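Everything on this sheet refers to the single structure shown next.
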Amino acid sequence: MTYYIGSELPDYPVTWRDSAGAVPNFASGWTFTLKLGFPGRAPVLTKTTGITGAATAPNITVSWDAGEFDDLDPGTYVLELFARQTSSGKDRGPLVELFPLHAAIGEAS
């Protein structure tokens, strides 16, 4: 997927599989934290709202808020997603993916 500074769409779909390759059910009983940044540095974005779990693939969907990318520079970020089971307080993750963020042609970078 391609994301642009100043945009909020598309949502970010994630299919998180367990060690056996199955898609865990995140439909209820989980909270999520997303961090965007670079290894060894403080995150440039931390998100705990707008992240919805589901029972089937994609089992997590991230909805971006207006202006969420506006203060970021174009580049390829590391996205880390953590899932916390509310009943036990135990964390799963992180799921790690590369996240390219672009500036539109003619926009300052």
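Going by the structure tokens order, chains are called A, B, ..., each with residues numbered from 1, while ligands are numbered from 1 in the order shown.
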What are the DSSP strand (DSSP E or B) residues of chain A, as a count of residues only?
45
Please provide as a tab-separated table (two decimals) with all heavy atoms, in the first residue's frame all residues within 8 Å of stretch 92-107 of chain A, with the sequence filter that same-chain residues fewer than 4 positions apart are discarded (counting only C-alpha atoms).
chain	number	residue	atom	x	y	z
A	2	THR	N	0.33	2.29	-0.54
A	2	THR	CA	1.02	3.56	-0.59
A	2	THR	C	0.27	4.57	0.26
A	2	THR	O	-0.95	4.71	0.12
A	2	THR	CB	1.13	4.06	-2.04
A	2	THR	OG1	1.83	3.06	-2.80
A	2	THR	CG2	1.88	5.36	-2.12
A	3	TYR	N	1.00	5.27	1.10
A	3	TYR	CA	0.40	6.29	1.96
A	3	TYR	C	1.09	7.61	1.69
A	3	TYR	O	2.30	7.66	1.44
A	3	TYR	CB	0.52	5.90	3.43
A	3	TYR	CG	-0.34	4.72	3.73
A	3	TYR	CD1	0.15	3.43	3.62
A	3	TYR	CD2	-1.67	4.87	4.07
A	3	TYR	CE1	-0.66	2.33	3.85
A	3	TYR	CE2	-2.49	3.78	4.29
A	3	TYR	CZ	-1.98	2.52	4.18
A	3	TYR	OH	-2.78	1.43	4.40
A	4	TYR	N	0.32	8.69	1.73
A	4	TYR	CA	0.81	10.02	1.45
A	4	TYR	C	0.58	10.94	2.63
A	4	TYR	O	-0.47	10.86	3.29
A	4	TYR	CB	0.12	10.61	0.21
A	4	TYR	CG	0.56	9.95	-1.06
A	4	TYR	CD1	-0.10	8.84	-1.56
A	4	TYR	CD2	1.67	10.43	-1.75
A	4	TYR	CE1	0.33	8.22	-2.72
A	4	TYR	CE2	2.10	9.83	-2.92
A	4	TYR	CZ	1.43	8.72	-3.40
A	4	TYR	OH	1.86	8.10	-4.55
A	5	ILE	N	1.55	11.82	2.86
A	5	ILE	CA	1.39	12.86	3.87
A	5	ILE	C	0.17	13.68	3.49
A	5	ILE	O	0.00	14.06	2.34
A	5	ILE	CB	2.66	13.72	3.95
A	5	ILE	CG1	3.83	12.86	4.43
A	5	ILE	CG2	2.44	14.93	4.85
A	5	ILE	CD1	5.18	13.49	4.29
A	16	TRP	N	-2.43	-10.84	10.87
A	16	TRP	CA	-1.42	-11.30	11.83
A	16	TRP	C	-1.66	-12.79	12.05
A	16	TRP	O	-2.74	-13.19	12.46
A	16	TRP	CB	-1.58	-10.52	13.12
A	16	TRP	CG	-0.46	-10.66	14.10
A	16	TRP	CD1	0.48	-11.64	14.16
A	16	TRP	CD2	-0.16	-9.76	15.15
A	16	TRP	NE1	1.34	-11.41	15.20
A	16	TRP	CE2	0.96	-10.25	15.82
A	16	TRP	CE3	-0.75	-8.58	15.61
A	16	TRP	CZ2	1.52	-9.62	16.93
A	16	TRP	CZ3	-0.20	-7.95	16.69
A	16	TRP	CH2	0.93	-8.47	17.34
A	73	ASP	N	8.06	13.30	7.96
A	73	ASP	CA	8.83	13.43	6.73
A	73	ASP	C	8.60	12.21	5.86
A	73	ASP	O	8.37	11.11	6.38
A	73	ASP	CB	10.33	13.53	7.05
A	73	ASP	CG	10.68	14.83	7.74
A	73	ASP	OD1	10.07	15.87	7.42
A	73	ASP	OD2	11.57	14.80	8.62
A	74	PRO	N	8.69	12.36	4.54
A	74	PRO	CA	8.61	11.19	3.68
A	74	PRO	C	9.75	10.24	3.99
A	74	PRO	O	10.83	10.65	4.39
A	74	PRO	CB	8.76	11.76	2.27
A	74	PRO	CG	8.63	13.22	2.38
A	74	PRO	CD	8.90	13.59	3.79
A	75	GLY	N	9.50	8.95	3.83
A	75	GLY	CA	10.53	7.95	4.06
A	75	GLY	C	9.92	6.61	4.36
A	75	GLY	O	8.69	6.45	4.36
A	76	THR	N	10.76	5.64	4.60
A	76	THR	CA	10.29	4.31	4.95
A	76	THR	C	10.49	4.12	6.45
A	76	THR	O	11.62	4.12	6.94
A	76	THR	CB	11.05	3.23	4.16
A	76	THR	OG1	10.83	3.46	2.77
A	76	THR	CG2	10.55	1.83	4.53
A	77	TYR	N	9.40	3.97	7.15
A	77	TYR	CA	9.38	3.82	8.59
A	77	TYR	C	9.23	2.34	8.96
A	77	TYR	O	8.78	1.53	8.15
A	77	TYR	CB	8.21	4.60	9.20
A	77	TYR	CG	8.34	6.10	9.05
A	77	TYR	CD1	7.93	6.74	7.88
A	77	TYR	CD2	8.85	6.87	10.08
A	77	TYR	CE1	8.04	8.11	7.74
A	77	TYR	CE2	8.97	8.24	9.95
A	77	TYR	CZ	8.56	8.86	8.77
A	77	TYR	OH	8.67	10.21	8.65
A	78	VAL	N	9.55	2.02	10.19
A	78	VAL	CA	9.25	0.71	10.74
A	78	VAL	C	7.94	0.85	11.51
A	78	VAL	O	7.79	1.74	12.35
A	78	VAL	CB	10.38	0.20	11.66
A	78	VAL	CG1	9.98	-1.10	12.34
A	78	VAL	CG2	11.66	0.02	10.87
A	79	LEU	N	6.98	-0.02	11.21
A	79	LEU	CA	5.70	-0.06	11.91
A	79	LEU	C	5.73	-1.25	12.85
A	79	LEU	O	6.04	-2.37	12.42
A	79	LEU	CB	4.57	-0.19	10.90
A	79	LEU	CG	3.15	-0.23	11.44
A	79	LEU	CD1	2.21	0.44	10.44
A	79	LEU	CD2	2.68	-1.62	11.74
A	80	GLU	N	5.46	-1.02	14.13
A	80	GLU	CA	5.35	-2.09	15.12
A	80	GLU	C	3.93	-2.08	15.66
A	80	GLU	O	3.41	-1.03	16.04
A	80	GLU	CB	6.32	-1.89	16.27
A	80	GLU	CG	7.76	-2.03	15.90
A	80	GLU	CD	8.71	-1.87	17.07
A	80	GLU	OE1	8.32	-1.26	18.11
A	80	GLU	OE2	9.84	-2.35	16.97
A	81	LEU	N	3.32	-3.24	15.68
A	81	LEU	CA	1.96	-3.39	16.19
A	81	LEU	C	1.97	-4.38	17.33
A	81	LEU	O	2.50	-5.48	17.21
A	81	LEU	CB	1.03	-3.87	15.06
A	81	LEU	CG	-0.44	-3.96	15.37
A	81	LEU	CD1	-1.02	-2.60	15.75
A	81	LEU	CD2	-1.19	-4.52	14.18
A	82	PHE	N	1.41	-3.95	18.46
A	82	PHE	CA	1.32	-4.79	19.66
A	82	PHE	C	-0.14	-5.07	19.95
A	82	PHE	O	-0.98	-4.18	19.80
A	82	PHE	CB	1.93	-4.09	20.88
A	82	PHE	CG	3.39	-3.77	20.74
A	82	PHE	CD1	3.81	-2.62	20.08
A	82	PHE	CD2	4.35	-4.61	21.27
A	82	PHE	CE1	5.15	-2.31	19.95
A	82	PHE	CE2	5.69	-4.31	21.15
A	82	PHE	CZ	6.10	-3.17	20.49
A	83	ALA	N	-0.45	-6.29	20.37
A	83	ALA	CA	-1.80	-6.66	20.79
A	83	ALA	C	-1.72	-7.08	22.25
A	83	ALA	O	-0.85	-7.87	22.64
A	83	ALA	CB	-2.33	-7.82	19.94
A	84	ARG	N	-2.62	-6.54	23.09
A	84	ARG	CA	-2.66	-6.89	24.51
A	84	ARG	C	-3.98	-7.59	24.82
A	84	ARG	O	-5.06	-7.06	24.57
A	84	ARG	CB	-2.51	-5.67	25.39
A	84	ARG	CG	-2.68	-6.02	26.88
A	84	ARG	CD	-2.24	-4.93	27.76
A	84	ARG	NE	-0.77	-4.99	27.78
A	84	ARG	CZ	-0.02	-4.26	28.57
A	84	ARG	NH1	-0.56	-3.40	29.39
A	84	ARG	NH2	1.29	-4.39	28.54
A	85	GLN	N	-3.88	-8.78	25.37
A	85	GLN	CA	-5.06	-9.54	25.78
A	85	GLN	C	-5.56	-8.92	27.08
A	85	GLN	O	-4.85	-8.90	28.09
A	85	GLN	CB	-4.70	-11.00	25.98
A	85	GLN	CG	-5.88	-11.90	26.20
A	85	GLN	CD	-5.43	-13.35	26.28
A	85	GLN	OE1	-4.42	-13.67	26.88
A	85	GLN	NE2	-6.20	-14.22	25.64
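Relative to atom CA of A:Gly50, atom CA of A:Gly37 is found at 18.5 Å.
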Nearby residues (only C-alpha atoms) at most 8 Å from A:Thr15, same-chain spacing under 2 positions excluded, as number ranges by chain:
A: 13, 17, 23, 57-60
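The coordinates place atom CA of A:Phe32 at 13.8 Å from atom CA of A:Ser87.
Excluding A:Val62 itself and any same-chain residue fewer than 2 positions from it, the protein and nucleic acid residues within 10 Å of it, counting only C-alpha atoms, are Pro10, Asp11, Tyr12, Pro13, Val14, Phe32, Leu34, Lys47, Thr48, Thr49, Gly50, Ile51, Thr52, Gly53, Ile60, Trp64 and Asp65 of chain A.
Counting only C-alpha atoms, the residue from A:Val44, A:Lys90, A:Ser19, A:Ala55 that sits nearest to A:Asp71 is A:Val44.
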